[in-house]
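Take a look at the structure below.
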Amino acid sequence: MSSVLRPATTGDQYRTAGAYRPVSSHLAIAPPVSVVIPAMNEAENLPYVFKTLPDWIHEVVLVDGNSTDDTVEVARGLWPGVKVVKQQGKGKGDALITGFEACSGDIIVMVDADGSADGQEIVSYVSALVSGADFAKGSRFANGGGTDDMTFIRKLGNRALCAVVNRKFGARYTDLCYGYNAFWRHCLDKIDLDCTGFEVETLMNIRVVKAGLKVQEIPSHEYLRIHGTSNLRAVRDGFRVLDVILKERSNRRDLRRRAGRSPMLDSVRGEVS
């Protein structure tokens, strides 16, 4: 699935190219891969998360949302070189932005800390990126994907919001509110994230389309959270997602109006006034 259409072949993507690392029996890569894991009180789930991460990953960045359990200690025990970053604000969006800033890899992968994502799927995301995509977007509803963790109401809401984004922004997404994604680091300069909550995934999906980046959907299976309860609130966060969609649509109209104005006409108007 490709939303919009610009090859991801800028010259500095491979700036840190060194020894190639095999990531599968058919693919070896040079670009280093950073995995960002936002976590708050996920000590019980981290062993399952880290167990599935491939050993060829360049670095793991754990963003600690002021955990009161042993999240940080467990992470360091499981992955001795883990880079731990303290979150200053609140919310998933804020945590991800903090993690992205701390990454040193050319490719960044977002993974939830609740055990719902299979780290072995990362090779599919990375393969899409090194093959030309700018943004590899996980989808639970693409052919080959699936979910064990969505109620009927959440599925219905996700489908409705996804349809709105596709129609208003010219995308062709099958999933909208999913946190398993990967992208080239240079994409951050073009999507300029500025939200704090769970709506961050929707904002990213909209802005990569608006920026003309090449998107490829990756079938992904979402498993049940292993321990604890999610901070996601379907109704509250659904309205926050809708608010992001409306604001981004409004901003797009404003940009079109400004782009359609004649500089000469604006100058004449200024003289008349």
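In the structure tokens, chains take the letters A, B, ... in the order shown, each chain's residues start at 1, and ligands count up from 1 in the order shown.
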
Which polymer residues have any atom within 8 Å of an atom of segment 216-224 of chain A, counting only C-alpha atoms, with same-chain residues fewer than 2 positions away left out, as a PDB file with N, CA, C and O atoms, in the first residue's frame?
ATOM      1  N   MET A   1       0.845  -1.173   0.000  1.00  0.00           N
ATOM      2  CA  MET A   1       0.000   0.000   0.000  1.00  0.00           C
ATOM      3  C   MET A   1       0.880   1.221   0.000  1.00  0.00           C
ATOM      4  O   MET A   1       1.803   1.336   0.749  1.00  0.00           O
ATOM      5  N   SER A   2       0.608   2.092  -0.917  1.00  0.00           N
ATOM      6  CA  SER A   2       1.401   3.293  -1.043  1.00  0.00           C
ATOM      7  C   SER A   2       0.473   4.476  -1.087  1.00  0.00           C
ATOM      8  O   SER A   2      -0.429   4.532  -1.899  1.00  0.00           O
ATOM      9  N   SER A   3       0.654   5.436  -0.186  1.00  0.00           N
ATOM     10  CA  SER A   3      -0.257   6.553  -0.107  1.00  0.00           C
ATOM     11  C   SER A   3       0.148   7.671  -1.044  1.00  0.00           C
ATOM     12  O   SER A   3      -0.649   8.158  -1.804  1.00  0.00           O
ATOM     13  N   GLY A 115       3.723  -5.827  25.484  1.00  0.00           N
ATOM     14  CA  GLY A 115       3.814  -7.201  25.010  1.00  0.00           C
ATOM     15  C   GLY A 115       2.877  -7.534  23.870  1.00  0.00           C
ATOM     16  O   GLY A 115       2.802  -8.691  23.452  1.00  0.00           O
ATOM     17  N   SER A 116       2.180  -6.528  23.327  1.00  0.00           N
ATOM     18  CA  SER A 116       1.210  -6.783  22.265  1.00  0.00           C
ATOM     19  C   SER A 116       1.850  -6.887  20.886  1.00  0.00           C
ATOM     20  O   SER A 116       1.217  -7.358  19.942  1.00  0.00           O
ATOM     21  N   ALA A 117       3.094  -6.418  20.756  1.00  0.00           N
ATOM     22  CA  ALA A 117       3.766  -6.419  19.460  1.00  0.00           C
ATOM     23  C   ALA A 117       4.843  -7.494  19.415  1.00  0.00           C
ATOM     24  O   ALA A 117       5.522  -7.757  20.407  1.00  0.00           O
ATOM     25  N   ASP A 118       5.018  -8.093  18.257  1.00  0.00           N
ATOM     26  CA  ASP A 118       6.049  -9.099  18.045  1.00  0.00           C
ATOM     27  C   ASP A 118       7.264  -8.428  17.403  1.00  0.00           C
ATOM     28  O   ASP A 118       7.206  -7.993  16.252  1.00  0.00           O
ATOM     29  N   GLU A 121       8.654  -8.952  13.802  1.00  0.00           N
ATOM     30  CA  GLU A 121       8.091  -8.299  12.623  1.00  0.00           C
ATOM     31  C   GLU A 121       8.945  -7.117  12.161  1.00  0.00           C
ATOM     32  O   GLU A 121       8.760  -6.619  11.045  1.00  0.00           O
ATOM     33  N   SER A 124      10.317  -6.914   8.646  1.00  0.00           N
ATOM     34  CA  SER A 124       9.416  -6.537   7.543  1.00  0.00           C
ATOM     35  C   SER A 124       9.368  -5.020   7.374  1.00  0.00           C
ATOM     36  O   SER A 124       9.351  -4.503   6.250  1.00  0.00           O
ATOM     37  N   TYR A 125       9.357  -4.309   8.496  1.00  0.00           N
ATOM     38  CA  TYR A 125       9.349  -2.849   8.444  1.00  0.00           C
ATOM     39  C   TYR A 125      10.651  -2.328   7.837  1.00  0.00           C
ATOM     40  O   TYR A 125      10.644  -1.452   6.959  1.00  0.00           O
ATOM     41  N   ALA A 128      10.927  -2.869   4.100  1.00  0.00           N
ATOM     42  CA  ALA A 128      10.155  -1.898   3.323  1.00  0.00           C
ATOM     43  C   ALA A 128      10.906  -0.578   3.188  1.00  0.00           C
ATOM     44  O   ALA A 128      10.905   0.056   2.125  1.00  0.00           O
ATOM     45  N   ALA A 133      10.615   2.825   0.783  1.00  0.00           N
ATOM     46  CA  ALA A 133       9.572   3.541   1.514  1.00  0.00           C
ATOM     47  C   ALA A 133      10.198   4.539   2.490  1.00  0.00           C
ATOM     48  O   ALA A 133      11.326   4.353   2.948  1.00  0.00           O
ATOM     49  N   PHE A 135       8.085   5.640   5.152  1.00  0.00           N
ATOM     50  CA  PHE A 135       7.347   5.354   6.381  1.00  0.00           C
ATOM     51  C   PHE A 135       6.707   3.984   6.231  1.00  0.00           C
ATOM     52  O   PHE A 135       5.940   3.740   5.296  1.00  0.00           O
ATOM     53  N   ALA A 136       7.040   3.054   7.134  1.00  0.00           N
ATOM     54  CA  ALA A 136       6.455   1.715   7.138  1.00  0.00           C
ATOM     55  C   ALA A 136       5.414   1.670   8.250  1.00  0.00           C
ATOM     56  O   ALA A 136       5.756   1.750   9.430  1.00  0.00           O
ATOM     57  N   LYS A 137       4.156   1.558   7.857  1.00  0.00           N
ATOM     58  CA  LYS A 137       3.041   1.708   8.785  1.00  0.00           C
ATOM     59  C   LYS A 137       2.403   0.351   9.080  1.00  0.00           C
ATOM     60  O   LYS A 137       1.910  -0.315   8.183  1.00  0.00           O
ATOM     61  N   GLY A 138       2.436  -0.042  10.338  1.00  0.00           N
ATOM     62  CA  GLY A 138       1.812  -1.298  10.713  1.00  0.00           C
ATOM     63  C   GLY A 138       0.304  -1.248  10.548  1.00  0.00           C
ATOM     64  O   GLY A 138      -0.326  -0.225  10.798  1.00  0.00           O
ATOM     65  N   SER A 139      -0.272  -2.352  10.101  1.00  0.00           N
ATOM     66  CA  SER A 139      -1.729  -2.441   9.959  1.00  0.00           C
ATOM     67  C   SER A 139      -2.228  -3.789  10.441  1.00  0.00           C
ATOM     68  O   SER A 139      -1.763  -4.838   9.988  1.00  0.00           O
ATOM     69  N   ARG A 140      -3.204  -3.731  11.338  1.00  0.00           N
ATOM     70  CA  ARG A 140      -3.833  -4.950  11.831  1.00  0.00           C
ATOM     71  C   ARG A 140      -4.884  -5.469  10.863  1.00  0.00           C
ATOM     72  O   ARG A 140      -5.366  -6.604  11.013  1.00  0.00           O
ATOM     73  N   PHE A 141      -5.258  -4.644   9.873  1.00  0.00           N
ATOM     74  CA  PHE A 141      -6.353  -5.001   8.973  1.00  0.00           C
ATOM     75  C   PHE A 141      -5.901  -5.167   7.532  1.00  0.00           C
ATOM     76  O   PHE A 141      -6.726  -5.427   6.666  1.00  0.00           O
ATOM     77  N   ALA A 142      -4.607  -5.027   7.274  1.00  0.00           N
ATOM     78  CA  ALA A 142      -4.080  -5.404   5.964  1.00  0.00           C
ATOM     79  C   ALA A 142      -4.069  -6.923   5.870  1.00  0.00           C
ATOM     80  O   ALA A 142      -4.082  -7.626   6.881  1.00  0.00           O
ATOM     81  N   ASN A 143      -4.036  -7.435   4.662  1.00  0.00           N
ATOM     82  CA  ASN A 143      -4.028  -8.885   4.454  1.00  0.00           C
ATOM     83  C   ASN A 143      -2.819  -9.503   5.145  1.00  0.00           C
ATOM     84  O   ASN A 143      -1.678  -9.157   4.848  1.00  0.00           O
ATOM     85  N   GLY A 144      -3.059 -10.386   6.102  1.00  0.00           N
ATOM     86  CA  GLY A 144      -1.993 -11.013   6.868  1.00  0.00           C
ATOM     87  C   GLY A 144      -1.855 -10.469   8.270  1.00  0.00           C
ATOM     88  O   GLY A 144      -1.127 -11.032   9.085  1.00  0.00           O
ATOM     89  N   GLY A 145      -2.546  -9.362   8.570  1.00  0.00           N
ATOM     90  CA  GLY A 145      -2.524  -8.786   9.911  1.00  0.00           C
ATOM     91  C   GLY A 145      -3.658  -9.327  10.764  1.00  0.00           C
ATOM     92  O   GLY A 145      -4.452 -10.158  10.328  1.00  0.00           O
ATOM     93  N   GLY A 146      -3.740  -8.843  12.006  1.00  0.00           N
ATOM     94  CA  GLY A 146      -4.813  -9.290  12.885  1.00  0.00           C
ATOM     95  C   GLY A 146      -4.700  -8.649  14.253  1.00  0.00           C
ATOM     96  O   GLY A 146      -3.711  -7.986  14.569  1.00  0.00           O
ATOM     97  N   THR A 147      -5.706  -8.810  15.064  1.00  0.00           N
ATOM     98  CA  THR A 147      -5.689  -8.272  16.422  1.00  0.00           C
ATOM     99  C   THR A 147      -6.466  -9.166  17.372  1.00  0.00           C
ATOM    100  O   THR A 147      -7.527  -9.695  17.018  1.00  0.00           O
ATOM    101  N   ASP A 148      -5.917  -9.331  18.571  1.00  0.00           N
ATOM    102  CA  ASP A 148      -6.614 -10.047  19.640  1.00  0.00           C
ATOM    103  C   ASP A 148      -7.119  -9.070  20.703  1.00  0.00           C
ATOM    104  O   ASP A 148      -7.667  -9.497  21.716  1.00  0.00           O
ATOM    105  N   ASP A 149      -6.909  -7.776  20.470  1.00  0.00           N
ATOM    106  CA  ASP A 149      -7.057  -6.823  21.563  1.00  0.00           C
ATOM    107  C   ASP A 149      -7.977  -5.650  21.248  1.00  0.00           C
ATOM    108  O   ASP A 149      -7.842  -4.591  21.840  1.00  0.00           O
ATOM    109  N   TYR A 173      -5.240   4.080   3.733  1.00  0.00           N
ATOM    110  CA  TYR A 173      -4.914   3.278   4.908  1.00  0.00           C
ATOM    111  C   TYR A 173      -5.985   2.231   5.183  1.00  0.00           C
ATOM    112  O   TYR A 173      -7.171   2.441   4.924  1.00  0.00           O
ATOM    113  N   LYS A 214       6.498   8.561   0.951  1.00  0.00           N
ATOM    114  CA  LYS A 214       6.046   7.260   0.444  1.00  0.00           C
ATOM    115  C   LYS A 214       5.774   6.329   1.614  1.00  0.00           C
ATOM    116  O   LYS A 214       6.662   6.053   2.419  1.00  0.00           O
ATOM    117  N   ILE A 226      -0.161  -8.401  28.114  1.00  0.00           N
ATOM    118  CA  ILE A 226       0.115  -9.561  28.967  1.00  0.00           C
ATOM    119  C   ILE A 226      -0.222  -9.280  30.434  1.00  0.00           C
ATOM    120  O   ILE A 226      -0.915 -10.052  31.094  1.00  0.00           O
TER     121      ILE A 226
END

Requested in this report: Fewer than 6 positions away in the same chain doesn't count, so skip those; otherwise give me all residues within 10 Å of Ala43 of chain A, counting only C-alpha atoms, as a list in words.
Outcome: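 So the residues in contact are Ser67, Thr68, Asp69, Asp70, Thr71, Val72, Glu73, Val74, Ala75, Ala113, Asp114 and His227 of chain A.
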
Could you write out that same residue set with N, CA and C atoms as a short mmCIF file (atom, residue, chain, number, x, y, z; two decimals), in the first residue's frame?
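Dumped everything to again.cif:
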data_model
loop_
_atom_site.label_atom_id
_atom_site.label_comp_id
_atom_site.auth_asym_id
_atom_site.auth_seq_id
_atom_site.Cartn_x
_atom_site.Cartn_y
_atom_site.Cartn_z
N SER A 67 8.05 5.71 36.10
CA SER A 67 7.53 4.44 36.63
C SER A 67 7.79 4.35 38.13
N THR A 68 6.85 3.69 38.80
CA THR A 68 7.00 3.45 40.24
C THR A 68 7.38 2.00 40.53
N ASP A 69 7.50 1.19 39.48
CA ASP A 69 7.94 -0.19 39.66
C ASP A 69 9.39 -0.31 39.18
N ASP A 70 9.81 -1.53 38.83
CA ASP A 70 11.21 -1.77 38.45
C ASP A 70 11.42 -1.73 36.94
N THR A 71 10.64 -0.93 36.23
CA THR A 71 10.74 -0.89 34.77
C THR A 71 12.16 -0.64 34.29
N VAL A 72 12.82 0.36 34.82
CA VAL A 72 14.17 0.72 34.35
C VAL A 72 15.17 -0.37 34.67
N GLU A 73 15.14 -0.89 35.89
CA GLU A 73 16.08 -1.94 36.29
C GLU A 73 15.89 -3.21 35.46
N VAL A 74 14.63 -3.56 35.21
CA VAL A 74 14.36 -4.76 34.40
C VAL A 74 14.89 -4.56 32.99
N ALA A 75 14.66 -3.38 32.41
CA ALA A 75 15.13 -3.11 31.05
C ALA A 75 16.65 -3.22 30.97
N ALA A 113 5.20 -1.21 24.94
CA ALA A 113 5.85 -1.96 26.02
C ALA A 113 4.93 -2.97 26.70
N ASP A 114 3.73 -3.18 26.16
CA ASP A 114 2.76 -4.03 26.85
C ASP A 114 2.80 -5.49 26.39
N HIS A 227 0.28 -8.16 30.96
CA HIS A 227 0.02 -7.79 32.36
C HIS A 227 -0.47 -6.34 32.41
#

Requested in this report: Could you give me the residues within segment 9-204 of chain A that DSSP places in strand (DSSP E or B), as a PyMOL selection string?
Outcome: chain A and resi 21-24+27-29+33-39+59-64+83-86+107-110+135-139+146-147+181-184

Using only N, CA, C and O atoms, please write the residues we just selected to a file, as a short mmCIF file (atom, residue, chain, number, x, y, z; two decimals), in the first residue's frame.
data_model
loop_
_atom_site.label_atom_id
_atom_site.label_comp_id
_atom_site.auth_asym_id
_atom_site.auth_seq_id
_atom_site.Cartn_x
_atom_site.Cartn_y
_atom_site.Cartn_z
N ARG A 21 24.90 -5.79 8.35
CA ARG A 21 24.39 -6.73 9.35
C ARG A 21 23.27 -7.55 8.74
O ARG A 21 22.28 -6.99 8.24
N PRO A 22 23.36 -8.86 8.75
CA PRO A 22 22.27 -9.68 8.21
C PRO A 22 21.04 -9.57 9.10
O PRO A 22 21.13 -9.73 10.32
N VAL A 23 19.88 -9.27 8.50
CA VAL A 23 18.64 -9.19 9.26
C VAL A 23 17.69 -10.33 8.90
O VAL A 23 16.68 -10.54 9.57
N SER A 24 17.98 -11.01 7.82
CA SER A 24 17.23 -12.21 7.45
C SER A 24 18.12 -13.01 6.51
O SER A 24 19.24 -12.61 6.18
N LEU A 27 18.43 -10.64 3.38
CA LEU A 27 18.65 -9.20 3.46
C LEU A 27 19.72 -8.86 4.50
O LEU A 27 19.71 -9.39 5.61
N ALA A 28 20.64 -7.97 4.10
CA ALA A 28 21.61 -7.40 5.04
C ALA A 28 21.55 -5.89 4.88
O ALA A 28 21.34 -5.38 3.78
N ILE A 29 21.70 -5.15 5.98
CA ILE A 29 21.58 -3.70 5.93
C ILE A 29 22.78 -3.04 6.58
O ILE A 29 23.46 -3.61 7.43
N VAL A 33 19.53 0.72 13.24
CA VAL A 33 18.11 0.76 13.59
C VAL A 33 17.95 1.02 15.09
O VAL A 33 18.52 0.29 15.91
N SER A 34 17.19 2.06 15.43
CA SER A 34 16.86 2.36 16.82
C SER A 34 15.42 1.94 17.10
O SER A 34 14.53 2.21 16.28
N VAL A 35 15.19 1.31 18.23
CA VAL A 35 13.84 0.93 18.65
C VAL A 35 13.45 1.76 19.86
O VAL A 35 14.17 1.78 20.87
N VAL A 36 12.34 2.48 19.76
CA VAL A 36 11.86 3.33 20.84
C VAL A 36 10.70 2.64 21.55
O VAL A 36 9.71 2.25 20.92
N ILE A 37 10.83 2.48 22.88
CA ILE A 37 9.79 1.82 23.68
C ILE A 37 9.36 2.77 24.80
O ILE A 37 10.08 2.96 25.77
N PRO A 38 8.19 3.40 24.67
CA PRO A 38 7.67 4.20 25.79
C PRO A 38 7.08 3.28 26.85
O PRO A 38 6.32 2.37 26.53
N ALA A 39 7.43 3.49 28.11
CA ALA A 39 7.00 2.56 29.15
C ALA A 39 6.72 3.28 30.46
O ALA A 39 7.48 4.15 30.87
N GLU A 59 20.27 -0.01 18.67
CA GLU A 59 20.05 0.47 20.04
C GLU A 59 18.58 0.37 20.41
O GLU A 59 17.69 0.41 19.55
N VAL A 60 18.34 0.24 21.70
CA VAL A 60 16.99 0.31 22.26
C VAL A 60 16.92 1.54 23.14
O VAL A 60 17.75 1.73 24.04
N VAL A 61 15.93 2.40 22.88
CA VAL A 61 15.71 3.61 23.68
C VAL A 61 14.43 3.40 24.48
O VAL A 61 13.34 3.32 23.92
N LEU A 62 14.56 3.28 25.79
CA LEU A 62 13.41 3.13 26.68
C LEU A 62 13.08 4.49 27.26
O LEU A 62 13.92 5.11 27.93
N VAL A 63 11.87 4.97 27.01
CA VAL A 63 11.42 6.23 27.58
C VAL A 63 10.59 5.92 28.82
O VAL A 63 9.50 5.37 28.73
N ASP A 64 11.12 6.24 29.97
CA ASP A 64 10.45 5.92 31.23
C ASP A 64 9.53 7.05 31.66
O ASP A 64 9.97 8.17 31.92
N LYS A 83 19.38 2.45 26.27
CA LYS A 83 19.47 3.88 26.56
C LYS A 83 18.18 4.30 27.25
O LYS A 83 17.10 4.25 26.65
N VAL A 84 18.25 4.69 28.50
CA VAL A 84 17.07 5.07 29.27
C VAL A 84 16.94 6.59 29.29
O VAL A 84 17.89 7.30 29.62
N VAL A 85 15.76 7.06 28.89
CA VAL A 85 15.50 8.50 28.86
C VAL A 85 14.30 8.78 29.75
O VAL A 85 13.26 8.10 29.63
N LYS A 86 14.40 9.74 30.62
CA LYS A 86 13.29 10.12 31.49
C LYS A 86 12.32 11.04 30.75
O LYS A 86 12.74 12.03 30.15
N ILE A 107 17.22 4.57 11.08
CA ILE A 107 15.86 4.05 11.04
C ILE A 107 15.34 3.98 12.47
O ILE A 107 16.05 3.54 13.38
N ILE A 108 14.09 4.43 12.67
CA ILE A 108 13.48 4.43 14.00
C ILE A 108 12.22 3.55 13.96
O ILE A 108 11.40 3.67 13.05
N VAL A 109 12.12 2.66 14.93
CA VAL A 109 10.96 1.77 15.05
C VAL A 109 10.25 2.06 16.37
O VAL A 109 10.90 2.16 17.41
N MET A 110 8.92 2.19 16.33
CA MET A 110 8.12 2.41 17.53
C MET A 110 7.51 1.08 17.96
O MET A 110 6.85 0.42 17.17
N PHE A 135 8.08 5.64 5.15
CA PHE A 135 7.35 5.35 6.38
C PHE A 135 6.71 3.98 6.23
O PHE A 135 5.94 3.74 5.30
N ALA A 136 7.04 3.05 7.13
CA ALA A 136 6.45 1.71 7.14
C ALA A 136 5.41 1.67 8.25
O ALA A 136 5.76 1.75 9.43
N LYS A 137 4.16 1.56 7.86
CA LYS A 137 3.04 1.71 8.79
C LYS A 137 2.40 0.35 9.08
O LYS A 137 1.91 -0.32 8.18
N GLY A 138 2.44 -0.04 10.34
CA GLY A 138 1.81 -1.30 10.71
C GLY A 138 0.30 -1.25 10.55
O GLY A 138 -0.33 -0.22 10.80
N SER A 139 -0.27 -2.35 10.10
CA SER A 139 -1.73 -2.44 9.96
C SER A 139 -2.23 -3.79 10.44
O SER A 139 -1.76 -4.84 9.99
N GLY A 146 -3.74 -8.84 12.01
CA GLY A 146 -4.81 -9.29 12.89
C GLY A 146 -4.70 -8.65 14.25
O GLY A 146 -3.71 -7.99 14.57
N THR A 147 -5.71 -8.81 15.06
CA THR A 147 -5.69 -8.27 16.42
C THR A 147 -6.47 -9.17 17.37
O THR A 147 -7.53 -9.70 17.02
N ASN A 181 5.13 1.24 14.11
CA ASN A 181 5.51 1.87 12.85
C ASN A 181 7.03 2.03 12.81
O ASN A 181 7.71 1.95 13.83
N ALA A 182 7.56 2.30 11.61
CA ALA A 182 8.99 2.55 11.45
C ALA A 182 9.18 3.58 10.35
O ALA A 182 8.36 3.68 9.43
N PHE A 183 10.28 4.32 10.42
CA PHE A 183 10.51 5.37 9.43
C PHE A 183 11.97 5.80 9.43
O PHE A 183 12.70 5.54 10.40
N TRP A 184 12.37 6.44 8.35
CA TRP A 184 13.70 7.04 8.31
C TRP A 184 13.72 8.26 9.22
O TRP A 184 12.76 9.03 9.26
#

Query raised in the report: So, counting only C-alpha atoms, which residue among A:Ser131, A:Thr196, A:Asp55, A:Cys162 is closest to Gly89 of chain A?
Result: A:Thr196

Query - For Leu242 of chain A: contacts at 10 Å, only C-alpha atoms, fewer than 2 positions along chain excluded, given as a ChimeraX atom specification - result: /A:161,164-165,199,202,237-240,244-248

Contacts of Asn205 of chain A at 10 Å or less, counting only C-alpha atoms, minus same-chain residues fewer than 2 places along, as a compact mmCIF listing (two decimals) with all heavy atoms, in the first residue's frame?
# COMPACT_ATOMS: atom_id res chain seq x y z
N PHE A 135 8.08 5.64 5.15
CA PHE A 135 7.35 5.35 6.38
C PHE A 135 6.71 3.98 6.23
O PHE A 135 5.94 3.74 5.30
CB PHE A 135 6.28 6.43 6.59
CG PHE A 135 5.61 6.40 7.94
CD1 PHE A 135 6.16 7.07 9.02
CD2 PHE A 135 4.41 5.72 8.13
CE1 PHE A 135 5.54 7.06 10.27
CE2 PHE A 135 3.79 5.70 9.36
CZ PHE A 135 4.35 6.38 10.44
N LYS A 137 4.16 1.56 7.86
CA LYS A 137 3.04 1.71 8.79
C LYS A 137 2.40 0.35 9.08
O LYS A 137 1.91 -0.32 8.18
CB LYS A 137 2.01 2.65 8.15
CG LYS A 137 0.78 2.86 9.00
CD LYS A 137 -0.26 3.63 8.20
CE LYS A 137 -1.53 3.74 9.02
NZ LYS A 137 -2.01 2.45 9.51
N VAL A 165 -9.98 9.96 7.29
CA VAL A 165 -8.63 10.36 6.90
C VAL A 165 -8.37 10.03 5.43
O VAL A 165 -7.80 10.85 4.68
CB VAL A 165 -7.59 9.69 7.80
CG1 VAL A 165 -6.18 9.84 7.23
CG2 VAL A 165 -7.65 10.28 9.20
N ALA A 171 -5.41 9.46 1.47
CA ALA A 171 -4.64 8.27 1.86
C ALA A 171 -5.39 7.01 1.46
O ALA A 171 -6.55 7.06 1.02
CB ALA A 171 -4.38 8.29 3.36
N TYR A 173 -5.24 4.08 3.73
CA TYR A 173 -4.91 3.28 4.91
C TYR A 173 -5.98 2.23 5.18
O TYR A 173 -7.17 2.44 4.92
CB TYR A 173 -4.79 4.17 6.13
CG TYR A 173 -3.63 5.14 6.11
CD1 TYR A 173 -3.77 6.43 6.62
CD2 TYR A 173 -2.40 4.78 5.59
CE1 TYR A 173 -2.71 7.33 6.63
CE2 TYR A 173 -1.33 5.67 5.58
CZ TYR A 173 -1.50 6.94 6.10
OH TYR A 173 -0.45 7.81 6.10
N ASP A 175 -5.68 0.89 8.43
CA ASP A 175 -5.64 1.00 9.89
C ASP A 175 -5.15 2.40 10.21
O ASP A 175 -4.31 2.96 9.50
CB ASP A 175 -4.69 -0.05 10.47
CG ASP A 175 -4.91 -0.32 11.96
OD1 ASP A 175 -5.70 0.43 12.58
OD2 ASP A 175 -4.29 -1.26 12.49
N LEU A 176 -5.65 2.99 11.29
CA LEU A 176 -5.27 4.36 11.61
C LEU A 176 -4.58 4.47 12.97
O LEU A 176 -3.51 5.07 13.08
CB LEU A 176 -6.51 5.27 11.60
CG LEU A 176 -6.24 6.76 11.80
CD1 LEU A 176 -5.46 7.33 10.62
CD2 LEU A 176 -7.56 7.52 11.99
N CYS A 177 -5.17 3.88 14.00
CA CYS A 177 -4.71 4.10 15.37
C CYS A 177 -3.88 2.91 15.86
O CYS A 177 -4.33 2.13 16.71
CB CYS A 177 -5.90 4.35 16.29
SG CYS A 177 -7.02 5.63 15.70
N TYR A 178 -2.69 2.75 15.30
CA TYR A 178 -1.83 1.62 15.68
C TYR A 178 -0.42 2.15 15.89
O TYR A 178 0.09 2.94 15.10
CB TYR A 178 -1.85 0.56 14.58
CG TYR A 178 -1.18 -0.74 14.95
CD1 TYR A 178 -1.35 -1.32 16.20
CD2 TYR A 178 -0.41 -1.43 14.02
CE1 TYR A 178 -0.74 -2.53 16.53
CE2 TYR A 178 0.20 -2.65 14.33
CZ TYR A 178 0.03 -3.19 15.59
OH TYR A 178 0.62 -4.39 15.92
N ASN A 181 5.13 1.24 14.11
CA ASN A 181 5.51 1.87 12.85
C ASN A 181 7.03 2.03 12.81
O ASN A 181 7.71 1.95 13.83
CB ASN A 181 4.87 3.26 12.72
CG ASN A 181 3.35 3.22 12.82
OD1 ASN A 181 2.67 2.66 11.99
ND2 ASN A 181 2.82 3.82 13.88
N ILE A 191 7.41 16.08 9.46
CA ILE A 191 6.10 15.86 10.07
C ILE A 191 5.92 16.64 11.37
O ILE A 191 4.79 16.79 11.84
CB ILE A 191 5.81 14.37 10.29
CG1 ILE A 191 6.84 13.72 11.22
CG2 ILE A 191 5.79 13.63 8.96
CD1 ILE A 191 6.57 12.26 11.51
N VAL A 200 -1.14 10.60 18.77
CA VAL A 200 0.11 10.84 18.05
C VAL A 200 0.23 9.96 16.80
O VAL A 200 0.75 10.40 15.77
CB VAL A 200 1.33 10.62 18.99
CG1 VAL A 200 1.41 9.18 19.47
CG2 VAL A 200 2.62 11.05 18.31
N GLU A 201 -0.26 8.70 16.87
CA GLU A 201 -0.17 7.84 15.69
C GLU A 201 -0.99 8.40 14.54
O GLU A 201 -0.56 8.39 13.38
CB GLU A 201 -0.63 6.42 16.02
CG GLU A 201 0.32 5.69 16.95
CD GLU A 201 -0.30 5.42 18.31
OE1 GLU A 201 -1.46 5.85 18.54
OE2 GLU A 201 0.37 4.80 19.15
N THR A 202 -2.19 8.90 14.84
CA THR A 202 -3.03 9.49 13.80
C THR A 202 -2.36 10.73 13.20
O THR A 202 -2.35 10.92 11.98
CB THR A 202 -4.39 9.88 14.38
OG1 THR A 202 -5.07 8.69 14.83
CG2 THR A 202 -5.26 10.58 13.34
N LEU A 203 -1.79 11.55 14.06
CA LEU A 203 -1.11 12.75 13.57
C LEU A 203 0.04 12.38 12.64
O LEU A 203 0.22 13.00 11.58
CB LEU A 203 -0.59 13.57 14.75
CG LEU A 203 0.08 14.91 14.39
CD1 LEU A 203 -0.93 15.87 13.80
CD2 LEU A 203 0.75 15.52 15.61
N ARG A 207 0.29 13.44 8.67
CA ARG A 207 1.36 14.35 8.22
C ARG A 207 2.33 13.72 7.24
O ARG A 207 2.92 14.42 6.42
CB ARG A 207 2.08 14.94 9.45
CG ARG A 207 1.19 15.94 10.17
CD ARG A 207 1.92 16.73 11.23
NE ARG A 207 1.01 17.72 11.82
CZ ARG A 207 1.31 18.45 12.88
NH1 ARG A 207 2.50 18.34 13.46
NH2 ARG A 207 0.43 19.32 13.36
N VAL A 208 2.52 12.39 7.30
CA VAL A 208 3.37 11.79 6.28
C VAL A 208 2.71 11.88 4.90
O VAL A 208 3.39 12.06 3.88
CB VAL A 208 3.73 10.32 6.62
CG1 VAL A 208 4.57 10.24 7.86
CG2 VAL A 208 2.51 9.43 6.72
N VAL A 209 1.38 11.79 4.88
CA VAL A 209 0.66 11.95 3.61
C VAL A 209 0.75 13.40 3.14
O VAL A 209 1.04 13.67 1.97
CB VAL A 209 -0.81 11.51 3.76
CG1 VAL A 209 -1.60 11.84 2.50
CG2 VAL A 209 -0.89 10.03 4.04
N LYS A 210 0.51 14.34 4.04
CA LYS A 210 0.58 15.75 3.68
C LYS A 210 1.97 16.16 3.21
O LYS A 210 2.12 17.06 2.38
CB LYS A 210 0.15 16.62 4.87
CG LYS A 210 -1.33 16.51 5.20
CD LYS A 210 -1.67 17.19 6.52
CE LYS A 210 -1.52 18.68 6.46
NZ LYS A 210 -1.98 19.33 7.71
N VAL A 215 4.54 5.84 1.70
CA VAL A 215 4.10 5.00 2.81
C VAL A 215 3.84 3.58 2.32
O VAL A 215 3.23 3.38 1.27
CB VAL A 215 2.80 5.56 3.44
CG1 VAL A 215 2.37 4.71 4.63
CG2 VAL A 215 2.98 7.01 3.86
